[in-house]
Protein chains: 2
Amino acid sequence: MLSQNQIKHIVSLKSKKFREESHQFIAEGHKLVMDLLDSPYKIAAVYALSGWILENLGFIQKKQIPVFEIFPREMKRMSALSTPSPVLAVIEIPTPFPSAGSPTPFPSPTGEGGKSSEGLQLALDDIRDPGNLGTIIRIADWFGIDKIFCSETCVDLYNPKVVQATMGSIARINVQYVILEKLLEKIFDRIPVYGTFLDGENLFEQDLSGGGIILIGNESRGISPSLARFVSKRVVIPSSGKSGSGKAESLNASAATAIICAEFRRQGREAAKHEN
Amino acid sequence: MLSQNQIKHIVSLKSKKFREESHQFIAEGHKLVMDLLDSPYKIAAVYALSGWILENLGFIQKKQIPVFEIFPREMKRMSALSTPSPVLAVIEIPTPFPSAGSPTPFPSPTGEGGKSSEGLQLALDDIRDPGNLGTIIRIADWFGIDKIFCSETCVDLYNPKVVQATMGSIARINVQYVILEKLLEKIFDRIPVYGTFLDGENLFEQDLSGGGIILIGNESRGISPSLARFVSKRVVIPSSGKSGSGKAESLNASAATAIICAEFRRQGREAAKHEN
């Protein structure tokens, strides 16, 4: 049985203000919690129904993490989900770097932006929708993207909706909040910066077998003018007539990210084939 | 000034039950309302702030649609958005076909599933997330997909979150709720049915220059066993090692849809080039 204060604390973590105060966030569901247990994140505590504890006790004990058995009605009060899961974890937010928001607990990169010409990274300019950020992190995980840089105006990584939408990929992807202008200014003359613009060149006709940074713009306004000047490769995902007839103004930010990452990886595999 | 009953009616349209009773749904925001005004949908009424009416009166008058000037506080009460827009439309849901859910008001297809080998269509198996359905409709619009078939367990097309996530594409894409088993059974021996499975063949190594139906599975369970048997082309979007290392279990349903549609269109353009 949890105290009212414990429940109140966990519920408070839905709000960014309280997450920042306590340096904690929540994650719910078996896969997400297991992925985080198996990551550089530090888990403060696990709250679970008896059935879940019974099934996973061995694993949890090995990790030496406090586990609280709770009742379904307590889970219902704490959960941020409309259908609560049998397990919820409270996780420590890594101590922020002096000049940025909350970084994920992954090693700091050597030469911000990556040195390798093979490296592929994402820079997110003012992504506001939690579902989009979570989905983009999941895409990055699928396609082996090294790292994601978020502008400081992006939605908070530890927003429960972001965490849930990553489906566990938050445990594996290095996300850092930075001043994108500064980052891009530092690297744009060494590393290609790709950005989508309606008047860009056909994405599929570019040589994408190397690496670079893919800059993804805000959901309604696209890439900010202050960042557009750093984009060396202006590309477009061509639309295909018929019902669309160019009337769909744009693709959703995460859909565009998925297509661009997939095309980089497709061309990378093609290039590797020809080398052999 | 609206009556309490008018406001109450509009607010009630957030619920599926009331949408079905009154055969109406709501759409908010300038672009979405303009796209719907320019579509086969029948608009019952437009509710807007004075500034919006002033700017768009000429266009609205031509359409002969009742327009109600409302106050921001009324909009705030009616809106399903956290940041209300200056315009909200109430739209008629087309009369349902006898054996299915709500169809969009587009011409009924000849030979369900499409006859042309060039035609590309989507079939959605139990897509539950409103954001996903809306995003998939937007993707279909961008890539000129003829039509979307939804299983009857998919989220309701006229759910305000779906409508908003389409960003206007709902006005152009033909969406029908059908019993997918029946549809696929009827056409699977004539038309290729593509479905993603983790043990499928590399999507990018398939010949996708023709048409077919792309079957997209449920967000957590994937394609139902009852539908999997109709899939003639089992494909996978290959993941790329490194941070991912195959740990991301899957891509989000709309991200996968985006990548598959983009690859069909890329190969279609390549094939057209070689023909010329």
# chains A, B, ... in the order shown; residues from 1 in each chain; ligands from 1

$ interface_residues --of "chain A" --to "chain B" --cutoff "7 Å" --atoms "only C-alpha atoms" --output "list of chain:residue names"
A:Thr135, A:Arg138, A:Ile139, A:Asp141, A:Trp142, A:Phe143, A:Gly144, A:Ile145, A:Asp146, A:Ser169, A:Arg172, A:Ile173, A:Ser239, A:Ser240, A:Gly241, A:Lys242, A:Ser243, A:Gly244, A:Gly246, A:Ala248, A:Leu251, A:Asn252, A:Ser254, A:Ala255, A:Ala258, A:Ile259, A:Ala262

$ write_last_selection --atoms "N, CA and C atoms" --output "PDB file, in the first residue's frame"
ATOM      1  N   THR A 135       7.956   9.185 -31.825  1.00  0.00           N
ATOM      2  CA  THR A 135       8.037   8.387 -33.061  1.00  0.00           C
ATOM      3  C   THR A 135       9.382   8.586 -33.748  1.00  0.00           C
ATOM      4  N   ARG A 138      11.968   6.570 -32.062  1.00  0.00           N
ATOM      5  CA  ARG A 138      11.807   5.163 -32.446  1.00  0.00           C
ATOM      6  C   ARG A 138      12.380   4.912 -33.852  1.00  0.00           C
ATOM      7  N   ILE A 139      12.155   5.845 -34.756  1.00  0.00           N
ATOM      8  CA  ILE A 139      12.703   5.749 -36.119  1.00  0.00           C
ATOM      9  C   ILE A 139      14.235   5.743 -36.055  1.00  0.00           C
ATOM     10  N   ASP A 141      16.119   4.786 -33.670  1.00  0.00           N
ATOM     11  CA  ASP A 141      16.549   3.505 -33.112  1.00  0.00           C
ATOM     12  C   ASP A 141      16.520   2.426 -34.194  1.00  0.00           C
ATOM     13  N   TRP A 142      15.455   2.414 -34.969  1.00  0.00           N
ATOM     14  CA  TRP A 142      15.320   1.404 -36.030  1.00  0.00           C
ATOM     15  C   TRP A 142      16.437   1.532 -37.051  1.00  0.00           C
ATOM     16  N   PHE A 143      16.765   2.773 -37.401  1.00  0.00           N
ATOM     17  CA  PHE A 143      17.724   2.988 -38.482  1.00  0.00           C
ATOM     18  C   PHE A 143      19.142   3.236 -37.979  1.00  0.00           C
ATOM     19  N   GLY A 144      19.395   2.978 -36.706  1.00  0.00           N
ATOM     20  CA  GLY A 144      20.753   3.111 -36.195  1.00  0.00           C
ATOM     21  C   GLY A 144      21.314   4.516 -36.311  1.00  0.00           C
ATOM     22  N   ILE A 145      20.472   5.516 -36.041  1.00  0.00           N
ATOM     23  CA  ILE A 145      20.935   6.905 -36.044  1.00  0.00           C
ATOM     24  C   ILE A 145      21.693   7.132 -34.734  1.00  0.00           C
ATOM     25  N   ASP A 146      22.879   7.753 -34.845  1.00  0.00           N
ATOM     26  CA  ASP A 146      23.734   7.908 -33.663  1.00  0.00           C
ATOM     27  C   ASP A 146      23.093   8.755 -32.575  1.00  0.00           C
ATOM     28  N   SER A 169      12.553   2.934 -27.198  1.00  0.00           N
ATOM     29  CA  SER A 169      13.740   3.434 -27.896  1.00  0.00           C
ATOM     30  C   SER A 169      14.429   4.557 -27.117  1.00  0.00           C
ATOM     31  N   ARG A 172      17.734   3.760 -25.678  1.00  0.00           N
ATOM     32  CA  ARG A 172      18.908   3.495 -26.526  1.00  0.00           C
ATOM     33  C   ARG A 172      19.391   4.697 -27.325  1.00  0.00           C
ATOM     34  N   ILE A 173      18.604   5.744 -27.393  1.00  0.00           N
ATOM     35  CA  ILE A 173      18.979   6.859 -28.268  1.00  0.00           C
ATOM     36  C   ILE A 173      19.435   8.068 -27.460  1.00  0.00           C
ATOM     37  N   SER A 239       5.783  14.499 -54.153  1.00  0.00           N
ATOM     38  CA  SER A 239       4.426  13.978 -54.004  1.00  0.00           C
ATOM     39  C   SER A 239       4.005  13.361 -55.332  1.00  0.00           C
ATOM     40  N   SER A 240       2.964  12.558 -55.293  1.00  0.00           N
ATOM     41  CA  SER A 240       2.520  11.862 -56.507  1.00  0.00           C
ATOM     42  C   SER A 240       1.075  12.198 -56.792  1.00  0.00           C
ATOM     43  N   GLY A 241       0.870  12.909 -57.865  1.00  0.00           N
ATOM     44  CA  GLY A 241      -0.418  13.404 -58.352  1.00  0.00           C
ATOM     45  C   GLY A 241      -1.695  12.727 -57.874  1.00  0.00           C
ATOM     46  N   LYS A 242      -2.569  12.433 -58.780  1.00  0.00           N
ATOM     47  CA  LYS A 242      -3.903  11.848 -58.538  1.00  0.00           C
ATOM     48  C   LYS A 242      -4.658  12.593 -57.446  1.00  0.00           C
ATOM     49  N   SER A 243      -5.157  11.845 -56.473  1.00  0.00           N
ATOM     50  CA  SER A 243      -5.989  12.477 -55.442  1.00  0.00           C
ATOM     51  C   SER A 243      -5.221  13.610 -54.767  1.00  0.00           C
ATOM     52  N   GLY A 244      -3.940  13.382 -54.563  1.00  0.00           N
ATOM     53  CA  GLY A 244      -3.138  14.403 -53.916  1.00  0.00           C
ATOM     54  C   GLY A 244      -3.053  15.647 -54.769  1.00  0.00           C
ATOM     55  N   GLY A 246      -0.792  17.467 -55.358  1.00  0.00           N
ATOM     56  CA  GLY A 246      -0.046  18.537 -54.710  1.00  0.00           C
ATOM     57  C   GLY A 246      -0.861  19.320 -53.698  1.00  0.00           C
ATOM     58  N   ALA A 248      -1.981  18.149 -50.688  1.00  0.00           N
ATOM     59  CA  ALA A 248      -1.456  17.924 -49.343  1.00  0.00           C
ATOM     60  C   ALA A 248      -0.250  18.838 -49.254  1.00  0.00           C
ATOM     61  N   LEU A 251       4.072  16.529 -45.565  1.00  0.00           N
ATOM     62  CA  LEU A 251       3.959  15.294 -44.801  1.00  0.00           C
ATOM     63  C   LEU A 251       4.145  15.636 -43.335  1.00  0.00           C
ATOM     64  N   ASN A 252       3.607  14.814 -42.488  1.00  0.00           N
ATOM     65  CA  ASN A 252       3.855  14.925 -41.048  1.00  0.00           C
ATOM     66  C   ASN A 252       5.365  14.813 -40.783  1.00  0.00           C
ATOM     67  N   SER A 254       7.183  13.312 -38.580  1.00  0.00           N
ATOM     68  CA  SER A 254       7.779  11.994 -38.326  1.00  0.00           C
ATOM     69  C   SER A 254       7.699  11.113 -39.576  1.00  0.00           C
ATOM     70  N   ALA A 255       6.660  11.293 -40.387  1.00  0.00           N
ATOM     71  CA  ALA A 255       6.572  10.533 -41.639  1.00  0.00           C
ATOM     72  C   ALA A 255       7.726  10.924 -42.562  1.00  0.00           C
ATOM     73  N   ALA A 258      10.952   9.413 -41.314  1.00  0.00           N
ATOM     74  CA  ALA A 258      11.008   7.985 -41.617  1.00  0.00           C
ATOM     75  C   ALA A 258      11.472   7.760 -43.049  1.00  0.00           C
ATOM     76  N   ILE A 259      10.900   8.514 -43.983  1.00  0.00           N
ATOM     77  CA  ILE A 259      11.225   8.334 -45.399  1.00  0.00           C
ATOM     78  C   ILE A 259      12.683   8.707 -45.672  1.00  0.00           C
ATOM     79  N   ALA A 262      15.073   6.115 -44.131  1.00  0.00           N
ATOM     80  CA  ALA A 262      15.012   4.857 -44.887  1.00  0.00           C
ATOM     81  C   ALA A 262      15.800   4.980 -46.190  1.00  0.00           C
TER      82      ALA A 262
END

$ select_by_dssp --residues "range 17-234 of chain A" --states "alpha helix (DSSP H)" --output "PyMOL selection string"
chain A and resi 17-22+30-37+50-63+72-78+130-142+160-165+180-187+225-228

$ atom_distance --atom1 "CA of Asn218 in chain B" --atom2 "CA of Leu124 in chain B"
7.8 Å

$ atom_distance --atom1 "CA of Asp129 in chain A" --atom2 "CA of Thr153 in chain A"
11.2 Å

$ closest_residue --among "B:Ala228, B:Ile91, B:Met75, B:Val11" --to "Tyr41 in chain B" --atoms "only C-alpha atoms"
B:Ile91

$ residues_around --residues "Arg73 in chain A" --least-positions-apart "3" --cutoff "12 Å" --atoms "only C-alpha atoms" --output "number ranges by chain"
A: 1-2, 7, 48-49, 69-70, 76-79, 83-86

$ select_by_dssp --residues "range 116-276 of chain B" --states "strand (DSSP E or B)" --output "VMD selection string"
chain B and resid 120 to 124 147 to 151 174 to 178 193 to 202 212 to 216 218 222 233 to 236

$ write_last_selection --atoms "N, CA and C atoms" --output "compact mmCIF listing (two decimals), in the first residue's frame"
# COMPACT_ATOMS: atom_id res chain seq x y z
N LEU B 120 -2.71 1.87 -56.25
CA LEU B 120 -2.10 1.53 -54.98
C LEU B 120 -3.10 1.93 -53.90
N GLN B 121 -3.41 0.96 -53.04
CA GLN B 121 -4.39 1.23 -52.00
C GLN B 121 -3.89 0.76 -50.65
N LEU B 122 -4.47 1.30 -49.61
CA LEU B 122 -4.08 0.89 -48.27
C LEU B 122 -5.24 0.16 -47.61
N ALA B 123 -4.91 -0.87 -46.83
CA ALA B 123 -5.91 -1.52 -45.98
C ALA B 123 -5.37 -1.47 -44.56
N LEU B 124 -6.15 -0.89 -43.65
CA LEU B 124 -5.68 -0.70 -42.28
C LEU B 124 -6.39 -1.68 -41.36
N LYS B 147 -7.14 5.10 -52.36
CA LYS B 147 -8.21 4.74 -51.44
C LYS B 147 -7.68 4.03 -50.21
N ILE B 148 -8.37 4.21 -49.09
CA ILE B 148 -8.01 3.51 -47.87
C ILE B 148 -9.19 2.68 -47.38
N PHE B 149 -8.95 1.40 -47.16
CA PHE B 149 -9.95 0.54 -46.53
C PHE B 149 -9.58 0.36 -45.06
N CYS B 150 -10.52 0.63 -44.18
CA CYS B 150 -10.28 0.44 -42.75
C CYS B 150 -11.08 -0.76 -42.26
N SER B 151 -10.47 -1.56 -41.40
CA SER B 151 -11.26 -2.59 -40.71
C SER B 151 -12.25 -1.87 -39.81
N ASN B 174 -10.51 8.92 -50.13
CA ASN B 174 -11.66 8.04 -50.01
C ASN B 174 -11.35 6.97 -48.96
N VAL B 175 -12.05 7.02 -47.83
CA VAL B 175 -11.82 6.07 -46.75
C VAL B 175 -13.09 5.25 -46.54
N GLN B 176 -12.98 3.95 -46.56
CA GLN B 176 -14.17 3.13 -46.33
C GLN B 176 -13.93 2.10 -45.25
N TYR B 177 -14.91 1.94 -44.39
CA TYR B 177 -14.86 0.91 -43.35
C TYR B 177 -15.49 -0.36 -43.90
N VAL B 178 -14.74 -1.42 -43.91
CA VAL B 178 -15.23 -2.67 -44.50
C VAL B 178 -14.79 -3.85 -43.63
N VAL B 193 -1.00 -8.41 -52.39
CA VAL B 193 -1.26 -7.82 -51.08
C VAL B 193 0.07 -7.81 -50.32
N TYR B 194 0.55 -6.61 -49.97
CA TYR B 194 1.81 -6.45 -49.26
C TYR B 194 1.53 -6.29 -47.77
N GLY B 195 2.32 -6.96 -46.96
CA GLY B 195 2.18 -6.80 -45.51
C GLY B 195 3.56 -6.88 -44.88
N THR B 196 3.78 -6.12 -43.80
CA THR B 196 5.10 -6.17 -43.15
C THR B 196 5.11 -7.21 -42.04
N PHE B 197 6.16 -8.02 -42.07
CA PHE B 197 6.40 -9.04 -41.04
C PHE B 197 7.89 -9.02 -40.76
N LEU B 198 8.27 -9.27 -39.51
CA LEU B 198 9.69 -9.20 -39.18
C LEU B 198 10.51 -10.21 -39.98
N ASP B 199 9.87 -11.31 -40.39
CA ASP B 199 10.60 -12.30 -41.18
C ASP B 199 10.34 -12.15 -42.68
N GLY B 200 9.84 -10.98 -43.09
CA GLY B 200 9.56 -10.75 -44.51
C GLY B 200 10.84 -10.50 -45.30
N GLU B 201 10.66 -10.36 -46.61
CA GLU B 201 11.82 -10.06 -47.46
C GLU B 201 12.05 -8.55 -47.51
N ASN B 202 13.31 -8.18 -47.71
CA ASN B 202 13.71 -6.77 -47.77
C ASN B 202 12.81 -5.98 -48.75
N GLY B 212 -1.04 -2.47 -56.07
CA GLY B 212 -1.39 -3.49 -55.09
C GLY B 212 -2.05 -2.88 -53.88
N ILE B 213 -2.24 -3.73 -52.90
CA ILE B 213 -2.80 -3.27 -51.62
C ILE B 213 -1.73 -3.42 -50.56
N ILE B 214 -1.52 -2.37 -49.79
CA ILE B 214 -0.58 -2.44 -48.67
C ILE B 214 -1.40 -2.60 -47.39
N LEU B 215 -1.20 -3.72 -46.71
CA LEU B 215 -1.95 -3.99 -45.48
C LEU B 215 -1.10 -3.57 -44.29
N ILE B 216 -1.65 -2.66 -43.49
CA ILE B 216 -0.93 -2.14 -42.32
C ILE B 216 -1.58 -2.71 -41.06
N ASN B 218 -2.14 -3.59 -36.81
CA ASN B 218 -2.39 -2.89 -35.55
C ASN B 218 -1.09 -2.45 -34.88
N GLY B 222 0.35 -5.97 -34.76
CA GLY B 222 0.66 -6.18 -36.17
C GLY B 222 -0.55 -6.69 -36.94
N LYS B 233 2.85 -10.90 -50.47
CA LYS B 233 4.21 -10.36 -50.44
C LYS B 233 4.54 -9.95 -49.01
N ARG B 234 5.25 -10.82 -48.31
CA ARG B 234 5.65 -10.50 -46.94
C ARG B 234 6.95 -9.72 -47.00
N VAL B 235 6.92 -8.49 -46.52
CA VAL B 235 8.11 -7.64 -46.62
C VAL B 235 8.53 -7.12 -45.25
N VAL B 236 9.77 -6.64 -45.18
CA VAL B 236 10.24 -6.00 -43.95
C VAL B 236 11.05 -4.77 -44.35

$ atom_distance --atom1 "CA of Val67 in chain A" --atom2 "CA of Asp156 in chain A"
26.8 Å

$ residues_around --residues "Arg19 in chain A" --least-positions-apart "3" --cutoff "10 Å" --atoms "only C-alpha atoms" --output "PyMOL selection string"
chain A and resi 9-10+12-16+22-26+92-93+158-159

$ write_last_selection --atoms "N, CA and C atoms" --output "JSON list (two decimals), in the first residue's frame"
[["chain", "number", "residue", "atom", "x", "y", "z"],
["A", 9, "HIS", "N", 3.34, 12.23, -5.55],
["A", 9, "HIS", "CA", 4.63, 12.52, -6.19],
["A", 9, "HIS", "C", 4.66, 11.96, -7.62],
["A", 10, "ILE", "N", 4.23, 10.72, -7.75],
["A", 10, "ILE", "CA", 4.28, 10.09, -9.08],
["A", 10, "ILE", "C", 3.34, 10.80, -10.05],
["A", 12, "SER", "N", 2.55, 13.83, -9.96],
["A", 12, "SER", "CA", 3.10, 15.16, -10.26],
["A", 12, "SER", "C", 4.11, 15.11, -11.41],
["A", 13, "LEU", "N", 4.67, 13.92, -11.65],
["A", 13, "LEU", "CA", 5.72, 13.81, -12.68],
["A", 13, "LEU", "C", 5.17, 13.93, -14.11],
["A", 14, "LYS", "N", 3.84, 14.02, -14.22],
["A", 14, "LYS", "CA", 3.27, 14.32, -15.55],
["A", 14, "LYS", "C", 3.60, 15.75, -15.94],
["A", 15, "SER", "N", 3.90, 16.59, -14.95],
["A", 15, "SER", "CA", 4.16, 18.00, -15.25],
["A", 15, "SER", "C", 5.66, 18.28, -15.33],
["A", 16, "LYS", "N", 6.04, 19.05, -16.33],
["A", 16, "LYS", "CA", 7.46, 19.35, -16.57],
["A", 16, "LYS", "C", 8.09, 20.03, -15.35],
["A", 22, "SER", "N", 12.27, 17.45, -9.33],
["A", 22, "SER", "CA", 12.68, 16.20, -8.67],
["A", 22, "SER", "C", 13.67, 15.40, -9.51],
["A", 23, "HIS", "N", 13.96, 15.85, -10.73],
["A", 23, "HIS", "CA", 14.85, 15.12, -11.64],
["A", 23, "HIS", "C", 14.41, 13.68, -11.84],
["A", 24, "GLN", "N", 13.11, 13.50, -11.99],
["A", 24, "GLN", "CA", 12.59, 12.15, -12.23],
["A", 24, "GLN", "C", 11.53, 12.18, -13.31],
["A", 25, "PHE", "N", 11.34, 11.05, -13.98],
["A", 25, "PHE", "CA", 10.23, 10.92, -14.92],
["A", 25, "PHE", "C", 9.65, 9.51, -14.81],
["A", 26, "ILE", "N", 8.49, 9.30, -15.44],
["A", 26, "ILE", "CA", 7.86, 7.98, -15.37],
["A", 26, "ILE", "C", 7.82, 7.30, -16.74],
["A", 92, "GLU", "N", 15.46, 8.31, -12.89],
["A", 92, "GLU", "CA", 16.20, 9.55, -12.64],
["A", 92, "GLU", "C", 16.52, 10.25, -13.96],
["A", 93, "ILE", "N", 16.26, 11.55, -14.01],
["A", 93, "ILE", "CA", 16.72, 12.35, -15.15],
["A", 93, "ILE", "C", 18.18, 12.67, -14.90],
["A", 158, "TYR", "N", 11.09, 14.01, -21.59],
["A", 158, "TYR", "CA", 10.58, 13.19, -20.48],
["A", 158, "TYR", "C", 9.08, 13.38, -20.23],
["A", 159, "ASN", "N", 8.42, 14.11, -21.13],
["A", 159, "ASN", "CA", 6.96, 14.16, -21.16],
["A", 159, "ASN", "C", 6.45, 12.72, -21.30]]

$ residues_around --residues "Arg221 in chain A" --least-positions-apart "3" --cutoff "10 Å" --atoms "only C-alpha atoms" --output "ChimeraX atom specification"
/A:125-126,217-218,224-225

$ closest_residue --among "B:Asp189, B:Val231, B:Glu219, B:Ser209" --to "Glu275 in chain B" --atoms "only C-alpha atoms"
B:Ser209
